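Please read the structure below before turning to the comments.
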Amino acid sequence: MDDSTVPLGNRLRGTITPPCSKSYAQRALAAALLATGRTTLRGIELCRDTRSAISVIELLGAKVEVVNENTLVIEGGLRNAPQELNVGESGLAARLFTPIASLINAPVTISGEGTLLHRPMSMMVEPLKELGVEVRDGGGRLPIEVKGPMRGGRVRVDGSMSSQFVTGLLLALPVAERDTTIEVEGAVSVPYIDMTLETLERFGVEVMYNSGDYTQFYVEGGQSYQAVDYTIESDWSAAASIMVAGAIAGEVTINNISTLSRQADTAICRALERAGASLIIEENSITVAHRDLEAFDFDATQCPDLFPVLVALAAAAEGVSVIKGIKRLRGKESDRGEVLKSEYAKLGIDIELDYDSDEMRVVGGMSTAGAVDSHDDHRIAMSLAITALRTAERIEIKNKECVAKSYPTFFEDMELLKAGGRE
């Protein structure tokens, strides 16, 4: 039976365990680098971004032993001063490891590749200088050269574009010489800051903060990270893609995820419920099933990585869906708002961008076959692949291999679910 004869609402069936959270993985790798002793990290998925982070901590002095395909043992120690740290295409790694490299009393250049070279890094420059770091930047983009040591003090950070640099400071400053007060203006993606604070606590580091609005953090200097045995939870960003696929085209169960997670993308459950999908939530799994979907309103300001998969959901819903937070999309792997609009237009789906109201409006309807381009953006590729489930004909996605950045087995998992649906 080929795709053209499978009912569009019943193409997928089966169970999937998503890869680990690369956000948690990179935070844990950084903490393991700074820890005394041997840390064991379990549940690791070696996607491209995680591999980049492993390479960085090895260059900085950590000794990494691969026990098996999902387990690493890391002997910590920030002992090397490499001339260059290449973080690949990972924006989190760039903004996380730049402050850590700033602890070193030697010049270190942080460089990157591909789409990362166009992403903004200017938010790091002045705060690092305020903390005693010598900085030479490339006009607000990578490469950036830093020379520490970063000593601590008082610093003001613009958090309106990304929380990732705040994460880098929170990870680096506990081992600085002096105490630090960080004042954050316009903090966004605060669930990701929660993930950082949870990681610090797990590794025995304390940070005091205003939990009401995340405007101020007090970090005591001279702390010591403690080695731990840590199993990393599955990635809600990856799970969201499979969940929306199930809502559109079948019934899928996602294992090893919990709605109690601090990950921002647990918010996908609210969006699916508003769209009318069927959700069965258990302690460590969620089952999502297809129902007739209706247009929904959703604020994705605090979870911008969900935007591409929310567009796939909205395209399958009857009516006009409104998704808020499009200003957060311009500093990603692509200008995601504009890319989603242009690529979905090729599939017969109209998207309107209103930057004044910070809203995207998606007109749901039947998708048509066509050739589309991921723009080398992993989340765009997955969004388009999910929408392809709603066409009787094949959709060609250019550069779909970019999913390796976060979810290397995405297309294999989709094929397994399609096979399950035909049994």
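Following the order of the structure tokens, chains are lettered A, B, ..., residues in each are numbered from 1, and ligands are numbered from 1.
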For the contact check between range 108-192 of chain A and range 39-53 of chain A, emit one row per residue of range 108-192 of chain A within 12 Å, containing the shortest atom pair and the distance in Å rounded to one decimal, counting only C-alpha atoms, chain then rising number order, as CSV.
residue,atom,partner,partner_atom,distance
A:Ser111,CA,A:Ser52,CA,11.5
A:Gly112,CA,A:Ser52,CA,9.8
A:Glu113,CA,A:Ser52,CA,10.8
A:Leu116,CA,A:Asp49,CA,11.6
Mind dumping the selected residues with all heavy atoms as a short mmCIF file (atom, residue, chain, number, x, y, z; two decimals), in the first residue's frame?
data_model
loop_
_atom_site.label_atom_id
_atom_site.label_comp_id
_atom_site.auth_asym_id
_atom_site.auth_seq_id
_atom_site.Cartn_x
_atom_site.Cartn_y
_atom_site.Cartn_z
N SER A 111 34.28 30.51 17.54
CA SER A 111 33.87 30.58 16.14
C SER A 111 32.72 29.60 15.91
O SER A 111 32.37 28.80 16.79
CB SER A 111 35.04 30.23 15.21
OG SER A 111 35.47 28.88 15.43
N GLY A 112 32.14 29.67 14.73
CA GLY A 112 31.03 28.79 14.40
C GLY A 112 30.95 28.52 12.92
O GLY A 112 31.87 28.86 12.17
N GLU A 113 29.83 27.93 12.50
CA GLU A 113 29.67 27.53 11.10
C GLU A 113 28.26 27.84 10.63
O GLU A 113 27.34 28.04 11.44
CB GLU A 113 29.93 26.02 10.96
CG GLU A 113 31.32 25.58 11.38
CD GLU A 113 31.45 24.05 11.41
OE1 GLU A 113 30.43 23.36 11.15
OE2 GLU A 113 32.56 23.57 11.72
N LEU A 116 24.85 29.91 11.98
CA LEU A 116 25.21 30.56 13.24
C LEU A 116 26.01 31.84 13.00
O LEU A 116 25.95 32.77 13.81
CB LEU A 116 26.02 29.60 14.12
CG LEU A 116 26.40 30.12 15.51
CD1 LEU A 116 25.16 30.47 16.32
CD2 LEU A 116 27.26 29.10 16.24
#
Find the residues around range 378-389 of chain A up to 7 Å (only C-alpha atoms counted), leave out those fewer than 5 positions away in its own chain, and share them as a PDB file with N, CA, C and O atoms, in the first residue's frame.
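Contents of out-v6.pdb, freshly written:
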ATOM      1  N   LEU A   8      -5.766   9.982   5.042  1.00  0.00           N
ATOM      2  CA  LEU A   8      -4.876  11.034   5.531  1.00  0.00           C
ATOM      3  C   LEU A   8      -4.875  11.125   7.043  1.00  0.00           C
ATOM      4  O   LEU A   8      -3.864  11.493   7.640  1.00  0.00           O
ATOM      5  N   SER A 241       7.139  17.638  17.744  1.00  0.00           N
ATOM      6  CA  SER A 241       6.993  17.325  16.323  1.00  0.00           C
ATOM      7  C   SER A 241       6.204  16.038  16.118  1.00  0.00           C
ATOM      8  O   SER A 241       5.299  15.970  15.277  1.00  0.00           O
ATOM      9  N   ALA A 245       2.405  15.497  14.582  1.00  0.00           N
ATOM     10  CA  ALA A 245       2.221  14.527  13.502  1.00  0.00           C
ATOM     11  C   ALA A 245       1.092  13.564  13.839  1.00  0.00           C
ATOM     12  O   ALA A 245       0.251  13.239  12.988  1.00  0.00           O
ATOM     13  N   ALA A 249      -2.289  13.076  11.733  1.00  0.00           N
ATOM     14  CA  ALA A 249      -2.341  11.921  10.837  1.00  0.00           C
ATOM     15  C   ALA A 249      -2.260  10.580  11.530  1.00  0.00           C
ATOM     16  O   ALA A 249      -1.556   9.691  11.072  1.00  0.00           O
ATOM     17  N   PRO A 308       7.554  26.608  14.357  1.00  0.00           N
ATOM     18  CA  PRO A 308       7.390  25.835  13.114  1.00  0.00           C
ATOM     19  C   PRO A 308       6.384  24.702  13.226  1.00  0.00           C
ATOM     20  O   PRO A 308       5.560  24.496  12.323  1.00  0.00           O
ATOM     21  N   VAL A 309       6.411  23.963  14.341  1.00  0.00           N
ATOM     22  CA  VAL A 309       5.470  22.843  14.470  1.00  0.00           C
ATOM     23  C   VAL A 309       4.051  23.357  14.750  1.00  0.00           C
ATOM     24  O   VAL A 309       3.066  22.733  14.344  1.00  0.00           O
ATOM     25  N   ALA A 312       2.517  23.922  11.434  1.00  0.00           N
ATOM     26  CA  ALA A 312       2.024  22.662  10.856  1.00  0.00           C
ATOM     27  C   ALA A 312       0.665  22.291  11.446  1.00  0.00           C
ATOM     28  O   ALA A 312      -0.236  21.838  10.734  1.00  0.00           O
ATOM     29  N   ILE A 395       6.005  15.443  -1.154  1.00  0.00           N
ATOM     30  CA  ILE A 395       6.607  16.769  -1.053  1.00  0.00           C
ATOM     31  C   ILE A 395       8.123  16.604  -0.975  1.00  0.00           C
ATOM     32  O   ILE A 395       8.628  15.808  -0.179  1.00  0.00           O
ATOM     33  N   LYS A 400      16.832  18.518   3.791  1.00  0.00           N
ATOM     34  CA  LYS A 400      16.123  17.967   4.945  1.00  0.00           C
ATOM     35  C   LYS A 400      17.090  17.310   5.937  1.00  0.00           C
ATOM     36  O   LYS A 400      16.735  17.081   7.109  1.00  0.00           O
ATOM     37  N   CYS A 402      19.303  18.554   7.517  1.00  0.00           N
ATOM     38  CA  CYS A 402      19.648  19.468   8.611  1.00  0.00           C
ATOM     39  C   CYS A 402      18.986  19.075   9.918  1.00  0.00           C
ATOM     40  O   CYS A 402      19.348  19.598  10.984  1.00  0.00           O
ATOM     41  N   VAL A 403      18.018  18.132   9.911  1.00  0.00           N
ATOM     42  CA  VAL A 403      17.403  17.682  11.163  1.00  0.00           C
ATOM     43  C   VAL A 403      18.434  17.055  12.090  1.00  0.00           C
ATOM     44  O   VAL A 403      18.193  16.936  13.302  1.00  0.00           O
ATOM     45  N   LYS A 405      20.850  18.326  13.316  1.00  0.00           N
ATOM     46  CA  LYS A 405      21.245  19.309  14.329  1.00  0.00           C
ATOM     47  C   LYS A 405      20.630  18.981  15.680  1.00  0.00           C
ATOM     48  O   LYS A 405      21.266  19.158  16.720  1.00  0.00           O
TER      49      LYS A 405
END
Show me, as CSV, the residues of range 172-275 of chain A having an atom within 9 Å of range 14-37 of chain A, each with the closest atom pair and its distance in Å, using only C-alpha atoms.
residue,atom,partner,partner_atom,distance
A:Ala172,CA,A:Leu34,CA,8.4
A:Val175,CA,A:Leu34,CA,8.2
A:Tyr192,CA,A:Ser23,CA,8.2
A:Met195,CA,A:Tyr24,CA,7.0
A:Thr196,CA,A:Arg27,CA,6.8
A:Thr199,CA,A:Ala28,CA,6.7
A:Leu200,CA,A:Ala31,CA,7.5
A:Phe203,CA,A:Ala31,CA,7.0
A:Ser224,CA,A:Ala35,CA,6.8
A:Tyr225,CA,A:Ala35,CA,4.3
A:Gln226,CA,A:Ala35,CA,5.1
A:Ala227,CA,A:Gly37,CA,5.4
A:Val228,CA,A:Ala32,CA,8.2
A:Tyr230,CA,A:Ala28,CA,8.4
A:Ile232,CA,A:Cys20,CA,6.1
A:Glu233,CA,A:Cys20,CA,5.5
A:Ser234,CA,A:Cys20,CA,3.9
A:Asp235,CA,A:Ser21,CA,3.7
A:Trp236,CA,A:Ser21,CA,7.0
A:Ser237,CA,A:Ser21,CA,7.8
A:Ala238,CA,A:Pro18,CA,6.1
A:Ala239,CA,A:Pro18,CA,5.8
A:Ile242,CA,A:Ile16,CA,8.2
A:Glu251,CA,A:Gly14,CA,7.1
A:Val252,CA,A:Gly14,CA,5.2
A:Thr253,CA,A:Thr15,CA,4.6
A:Ile254,CA,A:Ile16,CA,5.1
A:Asn255,CA,A:Thr17,CA,4.9
A:Asn256,CA,A:Thr17,CA,6.3
A:Ile257,CA,A:Thr17,CA,8.4
A:Gln263,CA,A:Ser21,CA,8.6
Quick one: everything within 9 Å of Ser122 in chain A, counting only C-alpha atoms, minus sequence neighbours fewer than 6 positions away in the same chain. Send it as a short mmCIF file (atom, residue, chain, number, x, y, z; two decimals) with N, CA, C and O atoms, in the first residue's frame.
data_model
loop_
_atom_site.label_atom_id
_atom_site.label_comp_id
_atom_site.auth_asym_id
_atom_site.auth_seq_id
_atom_site.Cartn_x
_atom_site.Cartn_y
_atom_site.Cartn_z
N ASP A 137 35.09 41.59 19.06
CA ASP A 137 33.99 40.90 18.38
C ASP A 137 33.96 41.28 16.91
O ASP A 137 34.57 42.27 16.49
N GLY A 139 31.66 42.62 14.95
CA GLY A 139 30.49 43.43 14.62
C GLY A 139 29.19 42.81 15.08
O GLY A 139 28.17 42.90 14.39
N GLY A 140 29.22 42.21 16.27
CA GLY A 140 28.00 41.60 16.80
C GLY A 140 27.74 40.20 16.32
O GLY A 140 26.65 39.66 16.56
N ARG A 141 28.69 39.62 15.60
CA ARG A 141 28.56 38.25 15.11
C ARG A 141 29.83 37.49 15.47
O ARG A 141 30.84 38.06 15.88
#
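Of the listed residues A:Val157, A:Ala300, A:Leu85, A:Ala93, the one whose atoms come nearest to Glu145 in chain A is A:Leu85, with distances taken using only C-alpha atoms.
The neighbours of Ile281 in chain A here are the residues that come within 12 Å of it, using only C-alpha atoms and leaving out any residue fewer than 2 positions away in the same chain; they are Met243, Thr253, Ile254, Asn255, Asn256, Ile257, Ser258, Thr259, Leu260, Thr266, Cys269, Glu273, Ser278, Leu279, Glu283, Asn284, Ser285, Ile286, Thr287, Val288 and Ala289 of chain A.
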Dump as an mmCIF file, in the first residue's frame, selection limited to N, CA, C and O atoms:
data_model
loop_
_atom_site.group_PDB
_atom_site.id
_atom_site.type_symbol
_atom_site.label_atom_id
_atom_site.label_comp_id
_atom_site.auth_asym_id
_atom_site.auth_seq_id
_atom_site.Cartn_x
_atom_site.Cartn_y
_atom_site.Cartn_z
ATOM 1 N N MET A 243 4.181 14.644 18.308
ATOM 2 C CA MET A 243 2.831 14.822 18.827
ATOM 3 C C MET A 243 1.927 15.501 17.805
ATOM 4 O O MET A 243 0.780 15.083 17.597
ATOM 5 N N THR A 253 2.199 7.319 20.483
ATOM 6 C CA THR A 253 2.551 7.408 21.902
ATOM 7 C C THR A 253 4.012 7.800 22.005
ATOM 8 O O THR A 253 4.872 7.208 21.345
ATOM 9 N N ILE A 254 4.292 8.808 22.826
ATOM 10 C CA ILE A 254 5.656 9.285 23.029
ATOM 11 C C ILE A 254 6.072 8.891 24.433
ATOM 12 O O ILE A 254 5.437 9.290 25.422
ATOM 13 N N ASN A 255 7.129 8.107 24.554
ATOM 14 C CA ASN A 255 7.614 7.622 25.840
ATOM 15 C C ASN A 255 8.692 8.524 26.424
ATOM 16 O O ASN A 255 9.316 9.320 25.722
ATOM 17 N N ASN A 256 8.924 8.361 27.731
ATOM 18 C CA ASN A 256 10.006 9.038 28.460
ATOM 19 C C ASN A 256 9.869 10.555 28.446
ATOM 20 O O ASN A 256 10.849 11.277 28.356
ATOM 21 N N ILE A 257 8.636 11.059 28.518
ATOM 22 C CA ILE A 257 8.419 12.489 28.692
ATOM 23 C C ILE A 257 7.385 12.694 29.793
ATOM 24 O O ILE A 257 6.508 11.861 29.997
ATOM 25 N N SER A 258 7.526 13.808 30.494
ATOM 26 C CA SER A 258 6.616 14.125 31.587
ATOM 27 C C SER A 258 6.192 15.579 31.487
ATOM 28 O O SER A 258 7.022 16.461 31.207
ATOM 29 N N THR A 259 4.922 15.837 31.740
ATOM 30 C CA THR A 259 4.432 17.214 31.719
ATOM 31 C C THR A 259 4.952 18.009 32.909
ATOM 32 O O THR A 259 4.770 19.231 32.964
ATOM 33 N N LEU A 260 5.627 17.369 33.859
ATOM 34 C CA LEU A 260 6.237 18.070 34.991
ATOM 35 C C LEU A 260 7.608 18.638 34.637
ATOM 36 O O LEU A 260 8.230 19.308 35.459
ATOM 37 N N THR A 266 6.845 21.965 26.781
ATOM 38 C CA THR A 266 5.682 21.243 27.298
ATOM 39 C C THR A 266 4.397 21.991 26.921
ATOM 40 O O THR A 266 3.306 21.399 26.918
ATOM 41 N N CYS A 269 1.277 20.850 24.653
ATOM 42 C CA CYS A 269 0.055 20.167 25.100
ATOM 43 C C CYS A 269 -1.129 21.128 25.102
ATOM 44 O O CYS A 269 -2.238 20.757 24.689
ATOM 45 N N GLU A 273 -4.523 20.762 22.783
ATOM 46 C CA GLU A 273 -5.856 20.725 23.394
ATOM 47 C C GLU A 273 -6.748 21.808 22.806
ATOM 48 O O GLU A 273 -7.932 21.571 22.509
ATOM 49 N N SER A 278 -6.832 14.773 20.527
ATOM 50 C CA SER A 278 -7.019 13.891 21.677
ATOM 51 C C SER A 278 -5.684 13.656 22.359
ATOM 52 O O SER A 278 -4.713 13.249 21.713
ATOM 53 N N LEU A 279 -5.603 13.919 23.671
ATOM 54 C CA LEU A 279 -4.393 13.680 24.455
ATOM 55 C C LEU A 279 -4.706 12.780 25.636
ATOM 56 O O LEU A 279 -5.659 13.039 26.387
ATOM 57 N N GLU A 283 2.107 9.187 33.427
ATOM 58 C CA GLU A 283 3.253 9.669 34.205
ATOM 59 C C GLU A 283 4.484 9.908 33.344
ATOM 60 O O GLU A 283 5.162 10.915 33.489
ATOM 61 N N ASN A 284 4.788 8.992 32.445
ATOM 62 C CA ASN A 284 6.000 9.110 31.625
ATOM 63 C C ASN A 284 5.731 8.925 30.139
ATOM 64 O O ASN A 284 6.627 8.555 29.381
ATOM 65 N N SER A 285 4.494 9.161 29.713
ATOM 66 C CA SER A 285 4.186 9.048 28.290
ATOM 67 C C SER A 285 2.944 9.867 27.963
ATOM 68 O O SER A 285 2.155 10.212 28.851
ATOM 69 N N ILE A 286 2.797 10.186 26.690
ATOM 70 C CA ILE A 286 1.624 10.892 26.194
ATOM 71 C C ILE A 286 1.205 10.248 24.883
ATOM 72 O O ILE A 286 2.039 9.986 24.014
ATOM 73 N N THR A 287 -0.090 9.998 24.743
ATOM 74 C CA THR A 287 -0.637 9.495 23.488
ATOM 75 C C THR A 287 -1.476 10.596 22.851
ATOM 76 O O THR A 287 -2.331 11.192 23.509
ATOM 77 N N VAL A 288 -1.204 10.880 21.584
ATOM 78 C CA VAL A 288 -1.914 11.918 20.840
ATOM 79 C C VAL A 288 -2.591 11.264 19.644
ATOM 80 O O VAL A 288 -1.962 10.488 18.913
ATOM 81 N N ALA A 289 -3.881 11.581 19.446
ATOM 82 C CA ALA A 289 -4.635 10.971 18.352
ATOM 83 C C ALA A 289 -5.340 12.038 17.524
ATOM 84 O O ALA A 289 -5.714 13.107 18.032
#
Review point. Out of range 99-297 of chain A, which residues get strand (DSSP E) from DSSP, as a ChimeraX atom specification?
Key: /A:107-111,134-137,144-147,153-158,180-185,207-209,216-219,225-226,229-231,250-255,278-281,285-289,297
Study note, to complete from the structure: Of A:Leu169, A:Ile323, A:Val73, A:Leu12, the one nearest to Cys303 in chain A when counting only C-alpha atoms is A:Ile323
Point to revise | Spatial neighbours of Glu75 in chain A, max dist 6 Å, only C-alpha atoms, sep filter under 6 positions, as a ChimeraX atom specification | key: /A:37-38,62-63
Practice item. Identify, on the basis of only C-alpha atoms, every residue whose closest approach to Gly221 in chain A does not exceed 12 Å; exclude the query and any residue fewer than 6 positions from it along the same chain; express the result as a list in words. Key: Leu103, Met150, Arg151, Gly152, Gly153, Leu169, Leu170, Leu171, Ala172, Leu173, Pro174, Val175, Ala176, Glu177, Arg178, Asp179, Thr180, Thr181, Val205, Glu206 and Val207 of chain A
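You can rank A:Met366, A:Gly276, A:Arg291, A:Gly337 by their closest distance to Ala316 in chain A using only C-alpha atoms, and at the top of that list sits A:Met366.
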**Study point:** Pick from A:Ile349, A:Leu131, A:Arg202, A:Phe410, whichever lies nearest to Asp229 in chain A using only C-alpha atoms
**Key:** A:Arg202
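One finds CA of Val320 in chain A at 16.4 Å from CA of Ile248 in chain A.
With only C-alpha atoms as the atoms that count, the residue of A:Leu293, A:Ile351, A:Leu417, A:Val362 with the shortest distance to Val322 in chain A is A:Val362.
Put simply, CA of Arg274 in chain A is 10.4 Å away from CA of Ser321 in chain A.
A straight line drawn from CA of Ala404 in chain A to CA of Phe97 in chain A is 21.3 Å long.
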